[in-house]
Every structure is written in structure tokens, then in C-alpha cells.
>>> print(open('protein33.txt').read())   # compact mmCIF, C-alpha atoms
# COMPACT_ATOMS: atom_id res chain seq x y z
CA MET R 1 114.49 95.11 117.93
CA SER R 2 112.67 91.88 118.69
CA ALA R 3 109.81 91.72 121.13
CA PRO R 4 110.70 90.80 124.70
CA GLN R 5 110.28 87.07 125.49
CA GLU R 6 107.92 86.10 128.24
CA VAL R 7 109.59 83.91 130.84
CA THR R 8 107.44 81.62 132.96
CA GLU R 9 109.03 80.73 136.24
CA GLY R 10 108.31 77.69 138.34
CA ARG R 11 107.21 75.40 135.53
CA THR R 12 109.30 72.35 134.62
CA ALA R 13 108.67 69.62 132.11
CA PRO R 14 109.62 66.01 132.86
CA VAL R 15 112.53 64.64 130.87
CA VAL R 16 112.94 60.89 130.53
CA THR R 17 116.17 59.49 129.17
CA LEU R 18 116.06 56.00 127.72
CA THR R 19 119.55 54.62 128.23
CA PHE R 20 121.27 52.28 125.77
CA VAL R 21 124.77 50.94 125.41
CA GLY R 22 124.59 51.95 121.75
CA SER R 23 126.47 50.61 118.77
CA ARG R 24 129.99 49.37 119.44
CA ALA R 25 132.83 48.83 117.00
CA GLU R 26 133.31 45.07 116.62
CA THR R 27 137.04 45.18 116.09
CA GLU R 28 139.25 42.12 116.34
CA GLU R 29 140.88 43.65 119.42
CA ALA R 30 137.51 44.06 121.15
CA THR R 31 136.05 40.67 120.24
CA SER R 32 139.20 38.61 120.84
CA LYS R 33 138.78 39.17 124.59
CA LEU R 34 135.31 37.67 124.66
CA SER R 35 134.27 34.12 125.48
CA VAL R 36 134.21 31.52 122.72
CA GLU R 37 130.39 31.51 122.83
CA SER R 38 130.17 35.29 122.51
CA GLN R 39 132.58 35.34 119.59
CA ALA R 40 130.60 32.58 117.89
CA GLY R 41 127.32 34.40 118.48
CA LEU R 42 128.59 37.62 116.95
CA ARG R 43 130.04 35.72 114.01
CA GLN R 44 127.05 33.48 113.30
CA PHE R 45 124.22 35.93 113.92
CA SER R 46 124.80 39.11 111.98
CA LEU R 47 122.48 42.09 112.29
CA GLU R 48 120.77 41.01 109.10
CA ARG R 49 120.26 37.47 110.29
CA MET R 50 118.95 38.60 113.67
CA THR R 51 116.43 40.97 112.12
CA GLY R 52 115.60 38.21 109.62
CA TYR R 53 114.50 36.09 112.59
CA GLY R 54 112.23 38.84 113.86
CA VAL R 55 114.56 40.67 116.26
CA ASP R 56 113.93 44.42 116.10
CA TYR R 57 116.86 46.33 114.60
CA ALA R 58 117.38 48.43 117.74
CA ASP R 59 117.32 45.29 119.91
CA ALA R 60 119.83 43.58 117.62
CA VAL R 61 122.21 46.56 117.81
CA GLU R 62 121.90 46.71 121.58
CA LEU R 63 122.36 42.97 122.02
CA ARG R 64 125.55 42.95 119.99
CA ALA R 65 126.86 46.05 121.80
CA ARG R 66 126.30 44.48 125.21
CA VAL R 67 128.07 41.30 124.10
CA VAL R 68 131.03 43.33 122.80
CA GLU R 69 131.14 45.03 126.19
CA GLY R 70 131.48 41.63 127.86
CA GLN R 71 127.96 40.53 128.77
CA GLY R 72 127.05 36.94 127.93
CA TRP R 73 124.92 36.28 124.84
CA ARG R 74 122.06 34.65 126.72
CA SER R 75 122.10 37.18 129.53
CA ALA R 76 122.06 40.19 127.19
CA ALA R 77 119.20 38.84 125.07
CA THR R 78 117.14 37.89 128.14
CA GLU R 79 117.60 41.29 129.79
CA LEU R 80 116.47 43.05 126.62
CA ALA R 81 113.41 40.77 126.49
CA GLU R 82 112.55 41.83 130.05
CA VAL R 83 112.76 45.50 129.00
CA CYS R 84 110.22 44.77 126.27
CA LEU R 85 107.94 43.03 128.77
CA ARG R 86 108.03 46.03 131.10
CA ARG R 87 106.77 48.11 128.18
CA VAL R 88 104.00 45.54 127.64
CA GLU R 89 102.92 46.01 131.25
CA SER R 90 102.93 49.79 130.98
CA ALA R 91 100.71 49.80 127.85
CA VAL R 92 97.14 49.90 129.17
CA GLY R 93 93.70 50.07 127.63
CA ALA R 94 92.60 49.77 124.04
CA ALA R 95 95.05 52.43 122.90
CA GLY R 96 97.92 50.37 124.29
CA LYS R 97 97.00 47.19 122.39
CA PRO R 98 99.32 47.81 119.39
CA THR R 99 102.17 48.53 121.79
CA ARG R 100 101.52 45.32 123.72
CA ILE R 101 101.50 43.26 120.53
CA THR R 102 104.72 44.85 119.26
CA TYR R 103 106.67 44.33 122.47
CA LEU R 104 105.34 40.81 123.05
CA ARG R 105 106.72 39.87 119.63
CA ARG R 106 110.00 41.67 120.28
CA ALA R 107 110.41 39.88 123.61
CA SER R 108 109.63 36.53 122.00
CA ALA R 109 112.22 37.08 119.27
CA LEU R 110 114.86 38.06 121.82
CA LEU R 111 114.19 34.96 123.93
CA ARG R 112 114.43 32.78 120.83
CA MET R 113 117.73 34.48 120.03
CA SER R 114 118.94 33.92 123.60
CA GLN R 115 118.89 30.12 123.18
CA MET R 116 120.52 30.03 119.75
CA MET R 117 123.95 29.21 121.15
CA MET R 118 122.66 26.34 123.30
CA LEU R 119 123.55 23.04 121.64
CA SER R 120 121.87 20.66 124.10
CA ASP R 121 118.14 20.36 124.79
CA THR R 122 118.44 21.14 128.49
CA ALA R 123 115.54 21.94 130.81
CA GLU R 124 116.65 25.58 130.74
CA ARG R 125 116.54 25.72 126.96
CA ARG R 126 113.11 24.11 126.87
CA ALA R 127 111.82 26.65 129.40
CA ILE R 128 113.24 29.59 127.43
CA PHE R 129 111.67 28.40 124.19
CA ALA R 130 108.34 27.66 125.85
CA ARG R 131 108.24 31.18 127.25
CA ALA R 132 109.08 32.63 123.82
CA ALA R 133 106.24 30.63 122.28
CA ASP R 134 103.81 31.75 124.99
CA LEU R 135 104.63 35.42 124.33
CA PHE R 136 104.25 34.86 120.59
CA GLU R 137 100.85 33.29 121.23
CA GLN R 138 99.76 36.17 123.47
CA ALA R 139 100.55 38.57 120.62
CA ALA R 140 98.74 36.32 118.13
CA ASP R 141 95.65 36.18 120.34
CA ALA R 142 95.64 39.94 120.78
CA CYS R 143 96.13 40.61 117.08
CA GLY R 144 93.97 37.76 115.79
CA ASP R 145 96.25 37.23 112.78
CA ARG R 146 97.45 33.67 113.45
CA GLU R 147 96.76 30.70 115.70
CA ARG R 148 98.78 27.88 117.17
CA VAL R 149 97.92 24.44 115.82
CA MET R 150 99.01 20.93 116.74
CA ILE R 151 99.11 18.11 114.21
CA ARG R 152 99.17 14.53 115.45
CA THR R 153 101.63 12.06 113.93
CA ASP R 154 102.76 8.55 114.86
CA ASP R 155 106.05 9.93 116.21
CA GLY R 156 104.54 12.79 118.21
CA PRO R 157 102.92 16.16 117.60
CA LEU R 158 103.98 18.81 115.13
CA VAL R 159 103.44 22.37 116.30
CA GLY R 160 102.75 25.23 113.92
CA TRP R 161 101.15 28.61 113.44
CA LEU R 162 98.33 28.99 110.94
CA VAL R 163 98.24 32.38 109.24
CA PRO R 164 94.81 32.85 107.60
CA VAL R 165 93.85 35.15 104.76
CA VAL R 166 91.07 37.70 104.43
CA GLY R 167 88.64 36.59 101.75
CA THR R 168 88.90 33.50 99.57
CA PRO R 169 92.33 31.84 99.55
CA VAL R 170 94.01 31.03 96.24
CA GLY R 171 96.03 28.30 97.90
CA SER R 172 97.75 27.04 101.01
CA ALA R 173 101.41 26.62 101.91
CA VAL R 174 103.72 24.95 104.41
CA VAL R 175 106.76 27.00 105.48
CA ILE R 176 109.62 25.42 107.41
CA GLY R 177 112.98 26.62 108.66
CA GLY R 178 116.18 24.64 108.90
CA VAL R 179 118.75 23.67 111.49
CA GLU R 180 118.44 26.88 113.52
CA GLY R 181 115.71 29.23 112.29
CA TRP R 182 112.26 27.74 112.96
CA ALA R 183 108.55 28.47 112.51
CA MET R 184 108.20 31.68 114.53
CA ASP R 185 111.40 33.04 113.01
CA PHE R 186 109.89 33.02 109.52
CA ASP R 187 106.57 34.68 110.32
CA SER R 188 107.33 37.48 107.84
CA ILE R 189 106.96 34.95 105.01
CA GLY R 190 103.61 33.86 106.40
CA GLU R 191 102.44 37.47 106.51
CA ALA R 192 103.58 38.04 102.91
CA PHE R 193 101.69 34.94 101.77
CA ALA R 194 98.51 35.81 103.66
CA ALA R 195 98.49 39.27 102.08
CA ARG R 196 98.46 37.55 98.68
CA GLY R 197 95.70 35.08 99.46
CA VAL R 198 97.81 32.06 100.48
CA GLU R 199 96.85 30.52 103.83
CA THR R 200 100.10 29.52 105.48
CA LEU R 201 101.19 26.93 108.02
CA LEU R 202 104.44 28.03 109.67
CA LEU R 203 105.59 24.62 110.84
CA ASP R 204 108.11 23.29 113.32
CA GLY R 205 108.95 20.03 111.58
CA PRO R 206 110.63 17.04 113.21
CA GLY R 207 113.70 18.23 115.11
CA GLN R 208 112.64 21.89 115.07
CA GLY R 209 111.28 24.40 117.56
CA GLU R 210 108.37 23.45 119.79
CA THR R 211 107.94 20.11 118.02
CA ARG R 212 111.37 19.18 119.34
CA LEU R 213 111.78 21.13 122.56
CA ALA R 214 108.24 20.65 123.91
CA HIS R 215 107.42 17.22 122.48
CA GLU R 216 110.80 15.56 121.81
CA HIS R 217 109.83 14.82 118.21
CA TYR R 218 113.11 14.65 116.30
CA LEU R 219 114.14 14.13 112.69
CA THR R 220 114.21 10.37 112.10
CA ALA R 221 114.10 8.17 109.03
CA GLN R 222 110.28 8.42 109.25
CA TRP R 223 110.23 12.19 108.81
CA ARG R 224 108.29 11.96 105.51
CA ASP R 225 105.25 10.56 107.33
CA ALA R 226 105.19 13.59 109.63
CA TYR R 227 105.33 16.08 106.77
CA GLY R 228 102.66 14.08 105.00
CA ARG R 229 100.38 14.68 107.97
CA ALA R 230 101.10 18.40 107.76
CA VAL R 231 100.01 18.39 104.12
CA ASP R 232 96.97 16.34 105.17
CA PHE R 233 96.11 19.07 107.66
CA LEU R 234 95.93 21.74 104.95
CA ASP R 235 94.23 19.44 102.45
CA GLU R 236 91.53 18.48 104.94
CA ARG R 237 90.82 22.15 105.68
CA SER R 238 89.98 22.72 102.03
CA PRO R 239 90.08 19.60 99.84
CA GLY R 240 91.56 20.20 96.43
CA ARG R 241 93.02 23.61 97.21
CA PRO R 242 96.55 23.81 95.70
CA ILE R 243 99.35 23.54 98.24
CA GLY R 244 102.88 24.93 98.13
CA PHE R 245 105.92 23.98 100.19
CA ILE R 246 108.68 26.42 101.16
CA GLY R 247 111.87 25.44 102.91
CA ASN R 248 114.56 27.72 104.29
CA SER R 249 118.21 26.68 104.72
CA MET R 250 118.40 22.88 105.07
CA GLY R 251 114.62 22.97 105.20
CA GLY R 252 114.83 23.75 101.49
CA SER R 253 116.32 20.31 100.89
CA ILE R 254 113.47 18.76 102.89
CA ALA R 255 110.85 20.79 100.99
CA MET R 256 112.13 19.52 97.63
CA ALA R 257 112.26 15.95 98.89
CA VAL R 258 108.61 16.25 99.98
CA ALA R 259 107.50 17.96 96.77
CA SER R 260 108.78 15.25 94.45
CA GLN R 261 106.84 12.56 96.32
CA ASP R 262 103.49 14.22 97.09
CA THR R 263 101.20 15.04 94.15
CA ARG R 264 99.27 17.53 96.28
CA ILE R 265 102.30 19.87 96.23
CA ARG R 266 101.76 22.19 93.26
CA ALA R 267 104.85 24.37 93.74
CA CYS R 268 108.02 24.45 95.85
CA VAL R 269 110.56 27.06 96.94
CA ASP R 270 114.06 26.22 98.12
CA ASN R 271 115.74 29.11 99.94
CA GLY R 272 119.22 28.01 100.93
CA GLY R 273 119.14 24.21 100.75
CA ILE R 274 121.71 21.88 99.18
CA HIS R 275 121.48 18.75 97.03
CA ALA R 276 122.98 16.40 99.63
CA PRO R 277 122.73 17.73 103.20
CA TRP R 278 124.50 14.65 104.58
CA LEU R 279 127.68 15.91 102.91
CA VAL R 280 128.01 18.80 105.39
CA PRO R 281 131.34 17.92 107.02
CA PRO R 282 132.12 17.77 110.76
CA THR R 283 134.59 20.57 110.14
CA MET R 284 131.57 22.89 109.92
CA GLY R 285 131.73 22.72 113.72
CA THR R 286 128.66 24.11 115.45
CA PHE R 287 126.45 23.85 112.38
CA PHE R 288 127.26 20.15 111.93
CA SER R 289 126.65 19.56 115.65
CA LYS R 290 123.24 21.23 115.34
CA MET R 291 122.40 19.05 112.34
CA VAL R 292 123.15 15.97 114.45
CA ALA R 293 121.19 17.33 117.42
CA LEU R 294 118.17 17.83 115.13
CA CYS R 295 118.08 14.04 114.92
CA GLY R 296 117.89 13.61 118.70
CA THR R 297 121.33 12.08 119.05
CA GLU R 298 124.92 12.99 119.88
CA ASP R 299 126.25 10.26 117.57
CA PRO R 300 127.46 11.89 114.32
CA ASP R 301 127.14 8.66 112.33
CA ARG R 302 123.52 8.19 113.38
CA GLY R 303 122.76 11.80 112.51
CA VAL R 304 124.35 11.49 109.07
CA ASP R 305 122.37 8.30 108.42
CA VAL R 306 119.14 10.20 109.05
CA TRP R 307 120.15 13.10 106.82
CA LYS R 308 120.94 10.61 104.04
CA THR R 309 117.18 10.01 103.81
CA VAL R 310 116.69 13.68 102.78
CA THR R 311 116.96 13.34 99.01
CA PRO R 312 115.89 16.53 97.19
CA LEU R 313 117.02 15.28 93.77
CA GLU R 314 115.17 11.96 93.89
CA ASP R 315 112.48 11.27 91.29
CA GLY R 316 108.96 10.59 92.47
CA PRO R 317 105.29 10.60 91.48
CA ASN R 318 105.26 14.40 91.51
CA THR R 319 108.27 14.89 89.23
CA GLY R 320 107.76 18.06 87.21
CA TYR R 321 106.54 20.30 90.04
CA PRO R 322 107.31 24.04 89.62
CA LEU R 323 110.46 24.99 91.55
CA LEU R 324 111.98 28.31 92.55
CA VAL R 325 115.48 28.35 94.01
CA VAL R 326 116.44 31.52 95.89
CA GLN R 327 120.15 31.98 96.48
CA GLY R 328 122.47 34.52 98.07
CA GLY R 329 125.48 35.38 95.95
CA ALA R 330 127.55 35.99 99.09
CA ASP R 331 126.21 33.03 101.10
CA PRO R 332 129.10 31.74 103.25
CA LEU R 333 127.35 28.40 103.88
CA VAL R 334 125.91 27.47 100.48
CA SER R 335 127.82 28.63 97.41
CA VAL R 336 126.24 29.54 94.09
CA ASP R 337 128.00 26.47 92.63
CA LEU R 338 126.18 24.23 95.12
CA ALA R 339 122.90 25.97 94.32
CA GLN R 340 123.54 25.31 90.61
CA ILE R 341 124.02 21.60 91.32
CA LEU R 342 120.70 21.58 93.17
CA LEU R 343 118.93 23.46 90.38
CA GLN R 344 120.30 21.31 87.56
CA GLY R 345 119.61 18.06 89.38
CA ALA R 346 116.07 18.87 90.49
CA PRO R 347 113.61 16.39 88.91
CA THR R 348 111.60 19.01 87.03
CA ASP R 349 111.95 21.12 83.90
CA ASP R 350 109.75 23.86 85.38
CA LYS R 351 112.44 25.52 87.46
CA GLN R 352 114.35 28.76 87.86
CA MET R 353 116.80 30.40 90.23
CA VAL R 354 116.96 33.98 91.46
CA ILE R 355 120.31 35.11 92.88
CA PHE R 356 120.67 38.15 95.12
CA SER R 357 124.22 39.17 94.21
CA ASP R 358 125.15 40.29 97.75
CA GLY R 359 122.70 38.00 99.54
CA ASN R 360 123.78 36.14 102.64
CA HIS R 361 122.46 32.73 103.71
CA CYS R 362 118.67 32.62 103.20
CA VAL R 363 118.98 36.22 101.95
CA TYR R 364 118.20 37.74 105.34
CA ASN R 365 119.80 41.01 104.21
CA HIS R 366 117.02 41.46 101.63
CA LYS R 367 114.23 40.16 103.82
CA HIS R 368 111.32 42.19 102.41
CA ASP R 369 112.41 41.78 98.79
CA ARG R 370 112.92 38.06 99.37
CA ASP R 371 109.51 37.63 100.98
CA ALA R 372 107.75 39.56 98.21
CA LEU R 373 109.55 37.58 95.51
CA ILE R 374 108.71 34.20 97.05
CA ALA R 375 105.11 35.14 97.87
CA ASP R 376 104.40 36.62 94.42
CA TRP R 377 105.86 33.55 92.72
CA MET R 378 103.98 31.10 94.94
CA ALA R 379 100.64 32.92 94.65
CA ALA R 380 100.97 32.96 90.85
CA ARG R 381 101.89 29.29 90.55
CA LEU R 382 99.18 28.12 92.96
CA GLY R 383 96.72 30.27 91.04
CA GLY R 384 97.63 28.56 87.77
CA LEU R 385 99.51 31.55 86.38
CA PRO R 386 103.00 31.62 84.85
CA ALA R 387 105.94 32.65 86.98
CA PRO R 388 106.17 36.44 87.34
CA GLU R 389 109.14 38.27 85.95
CA PHE R 390 111.55 39.70 88.50
CA ALA R 391 112.71 43.25 87.78
CA ASN R 392 116.29 44.17 88.68
>>> encode(input="protein33.txt", output="C-alpha cells")
Amino acid sequence: MSAPQEVTEGRTAPVVTLTFVGSRAETEEATSKLSVESQAGLRQFSLERMTGYGVDYADAVELRARVVEGQGWRSAATELAEVCLRRVESAVGAAGKPTRITYLRRASALLRMSQMMMLSDTAERRAIFARAADLFEQAADACGDRERVMIRTDDGPLVGWLVPVVGTPVGSAVVIGGVEGWAMDFDSIGEAFAARGVETLLLDGPGQGETRLAHEHYLTAQWRDAYGRAVDFLDERSPGRPIGFIGNSMGGSIAMAVASQDTRIRACVDNGGIHAPWLVPPTMGTFFSKMVALCGTEDPDRGVDVWKTVTPLEDGPNTGYPLLVVQGGADPLVSVDLAQILLQGAPTDDKQMVIFSDGNHCVYNHKHDRDALIADWMAARLGGLPAPEFAN
């Protein structure tokens, strides 16, 4: 017989239930009833892409569930950001610092996600993005692992985030996004580089992020001058230090176009670009519209004319630079065939491509593997070493 159990009466423990909508089945029947914007958001921003832009997995699941249940995309993302900010407020003292940093970054990512479906640069969109950047900066200040920088150009400022390294850097790098994902969205690449001794400038180039929404600096035919100033910024910090350039999505096309013309660029990574971005057809719908908006116009012809100046396959004084092309084998936007055209036409013999067989656009679904691959390759090439071998 077991010993009698002592029962203590009158004592209760508090129980707190954190309530979530939870994962919802995204069936055609459920999504067909939603607004056009909600359907587009669910289609364009998969879980992998959302987490690739810094949205916490749990927040991404909850956001999609709320949208499936009928809440608007912007409203759902903003409400979840406010939940994160309440947790920031409740984290007090030194012990609460890591919690504050985490939830500031989560709130920033959610606010950035909330404006993704906005095609026009309205006052509301500018305010949302400015608030996201402020929260990101609060986290950066608290953590001390990056700082906001502003680079002057003839066409207006460029805004970026400088991610330093501990110890002596082996090189520096510029990282840019594309038509939608911008500097703050690719901070995981900056962290991977910094861990390997590469000081990194996460940059909002012309037509991107804060550079565009806070300073109305768009992609124009003079975009090369602006990127030249960004390279100047790194070169002036440490003259002679080797510099790399990494571009994601259509930013990959820009990165290659910069690399071939600037002899200070010692290595380049294209993650998701194409050989002729001006060939993206109007039938691409929202994506084409966002490409045009990047140029500060609503006129498709004017936008295409600007994109025609982005020439990743053009020869230049830096022909022969080392190039790594990263490609998703299941990319719905850029096919492997298009990536092969880019690779074969690149004006260098020092080039290779790594394909993630099931990778989506920019390989968001292998984020950590992608970041490690790119950072290891870039650190080796900037350090004067041969390209590392990639184990399957």
C-alpha cells in the first residue's frame, strides 16, 4: 500500500493562458473567401519567406492564421507587433534586457511585414516603416551589435546598418536586398559575416527601405554613383581592405553590375538575380509594379528604362572577379535555366553556382545553410583563399 498523500488546502497557484488563434488549414475553400490582398499576401509570403525576413516562426504562423480567419494582412501583423511591444514593456531590469531586444526585433519584423502589400509610398506606409526602423535601432543600441549609418550621395542619403566584427576584420561587405526584402530583412547574413570576420554594411540602396521611404531616394539611371559612395564608405573606414558585394533577388543583378565596374570589389554573390531584370514582364503583376515603384514612378516605360541600366553581364575594368551564384531549384520567380544564363554570361572565369534542389526564391527555406555557405565563401575569397568545398 502506498503512503497517504498530504493534501494542502487553501493554496492555489496562478495559471496564465497565452491565447493564440493557432495554425489554420489554408485550403482553397478557406482562402477563396478572403480579400484579394489577403490571398496575395498568403501566396507571396510563405512561412519560409516570412521567417527569412526575420519574422519569428510563431508570429508567422499566427499572422497567417489570423488572415485565414478573415483579419486583414496589415491589421493582423500590426496587432502582433503590439503584443511584442507589451512584452518589451514588461521586461524590466538587467535580467530583462535579452527579452527586450528579442521582442523589439520581432515587433520590427512584423511591422515591416505589415507594409509588404502596400504598393504606394503613402504617408501611412512611411510611418509604419519609420517605426519599424526605430524599434530595430532600439534593439541595436541595447545589444551593441550594429549601428545605423547614413551615406551622403548627390541624389540623397543612403541608409544602412553597419555590423562590426570582434577582432581584426578580414574584409568588408555590402549586402543589399531586392524589390521587396531590404536591409533589415537580411540581418542574418550580416550576423553570419561578422562571425567570420567580415564587417558588413546592410544597405538600403536607391529605391529600397529607409533610403526610399524616409528620403525619397529612388533607383534612377545614376544608381551606380550611389553604390560607389557606399563602397567609398567601407574603403575609407579601412583603406585597402578587400570588399565583397552580395545582392539578394534583383539586388543580385545590381551587385554583379557593380562588381564588374569597381576594382575594389574582390568577390560577389548573386542570390536570386537574373541576367536582364528589365525583361520581367508586366504579367508578373504585383512584382512588376513593385519594380516600377522602386524607380519612383508609376509609368512602366520609365521604370523599364531605368532597369535597362542594370547590366550584370557587362564587361568592365573589374572583369574576372570571383562570383558565387546561389539558386533555388524550386524558385517560382527565377528558374534554374535563367540562373544558368546568368552564370554562363558573367564576365569572369572564376565562378560557380550552388543549387539548393528544393530551394525557393533566395533560398529562404534553407536560411541558416544559405547564410553559412555565402559567409564561408566570402570570408575565404576576401582572405585570399580558394573557394571552400560545399558538402552535400
>>> closest_residue(input="protein33.txt", among="R:Arg266, R:Arg152, R:Arg105, R:Arg74", to="Gly41 of chain R", atoms="all atoms listed in the file")
R:Arg74
>>> residues_around(input="protein33.txt", residues="Cys362 of chain R", least_positions_apart="3", cutoff="8 Å", atoms="all atoms listed in the file", output="JSON, numbers by chain")
{"R": [248, 249, 271, 272, 326, 327, 328, 331, 359]}
>>> write_last_selection(input="protein33.txt", atoms="C-alpha atoms", output="mmCIF file, in the frame of the given file")
data_model
loop_
_atom_site.group_PDB
_atom_site.id
_atom_site.type_symbol
_atom_site.label_atom_id
_atom_site.label_comp_id
_atom_site.auth_asym_id
_atom_site.auth_seq_id
_atom_site.Cartn_x
_atom_site.Cartn_y
_atom_site.Cartn_z
ATOM 1 C CA ASN R 248 114.560 27.720 104.290
ATOM 2 C CA SER R 249 118.210 26.680 104.720
ATOM 3 C CA ASN R 271 115.740 29.110 99.940
ATOM 4 C CA GLY R 272 119.220 28.010 100.930
ATOM 5 C CA VAL R 326 116.440 31.520 95.890
ATOM 6 C CA GLN R 327 120.150 31.980 96.480
ATOM 7 C CA GLY R 328 122.470 34.520 98.070
ATOM 8 C CA ASP R 331 126.210 33.030 101.100
ATOM 9 C CA GLY R 359 122.700 38.000 99.540
#
>>> residues_around(input="protein33.txt", residues="segment 106-108 of chain R", least_positions_apart="3", cutoff="12 Å", atoms="only C-alpha atoms", output="VMD selection string")
chain R and resid 50 to 51 53 to 60 77 to 88 99 to 103 111 to 115 128 to 140 184 to 185
>>> residues_around(input="protein33.txt", residues="segment 62-67 of chain R", least_positions_apart="2", cutoff="8 Å", atoms="only C-alpha atoms", output="count of residues only")
18
>>> atom_distance(input="protein33.txt", atom1="atom CA of Met291 of chain R", atom2="atom CA of Thr319 of chain R")
27.4 Å
>>> axis_aligned_box(input="protein33.txt", around="segment 79-92 of chain R", padding_each_side="3 Å", output="JSON")
{"center_x": 107.4, "center_y": 45.3, "center_z": 128.8, "size_x": 26.5, "size_y": 15.1, "size_z": 11.0}
>>> atom_distance(input="protein33.txt", atom1="atom CA of Arg302 of chain R", atom2="atom CA of Trp223 of chain R")
14.6 Å
>>> residues_around(input="protein33.txt", residues="Asp299 of chain R", least_positions_apart="5", cutoff="12 Å", atoms="all atoms listed in the file", output="compact mmCIF listing (two decimals) with C-alpha atoms, in the frame of the given file")
# COMPACT_ATOMS: atom_id res chain seq x y z
CA PRO R 282 132.12 17.77 110.76
CA PHE R 288 127.26 20.15 111.93
CA SER R 289 126.65 19.56 115.65
CA LYS R 290 123.24 21.23 115.34
CA MET R 291 122.40 19.05 112.34
CA VAL R 292 123.15 15.97 114.45
CA ALA R 293 121.19 17.33 117.42
CA LEU R 294 118.17 17.83 115.13
CA VAL R 304 124.35 11.49 109.07
CA ASP R 305 122.37 8.30 108.42
CA VAL R 306 119.14 10.20 109.05
>>> atom_distance(input="protein33.txt", atom1="atom CA of Gln344 of chain R", atom2="atom CA of Pro312 of chain R")
11.6 Å
>>> closest_residue(input="protein33.txt", among="R:Ile274, R:Val280, R:Val198, R:Val363", to="Gly345 of chain R", atoms="only C-alpha atoms")
R:Ile274
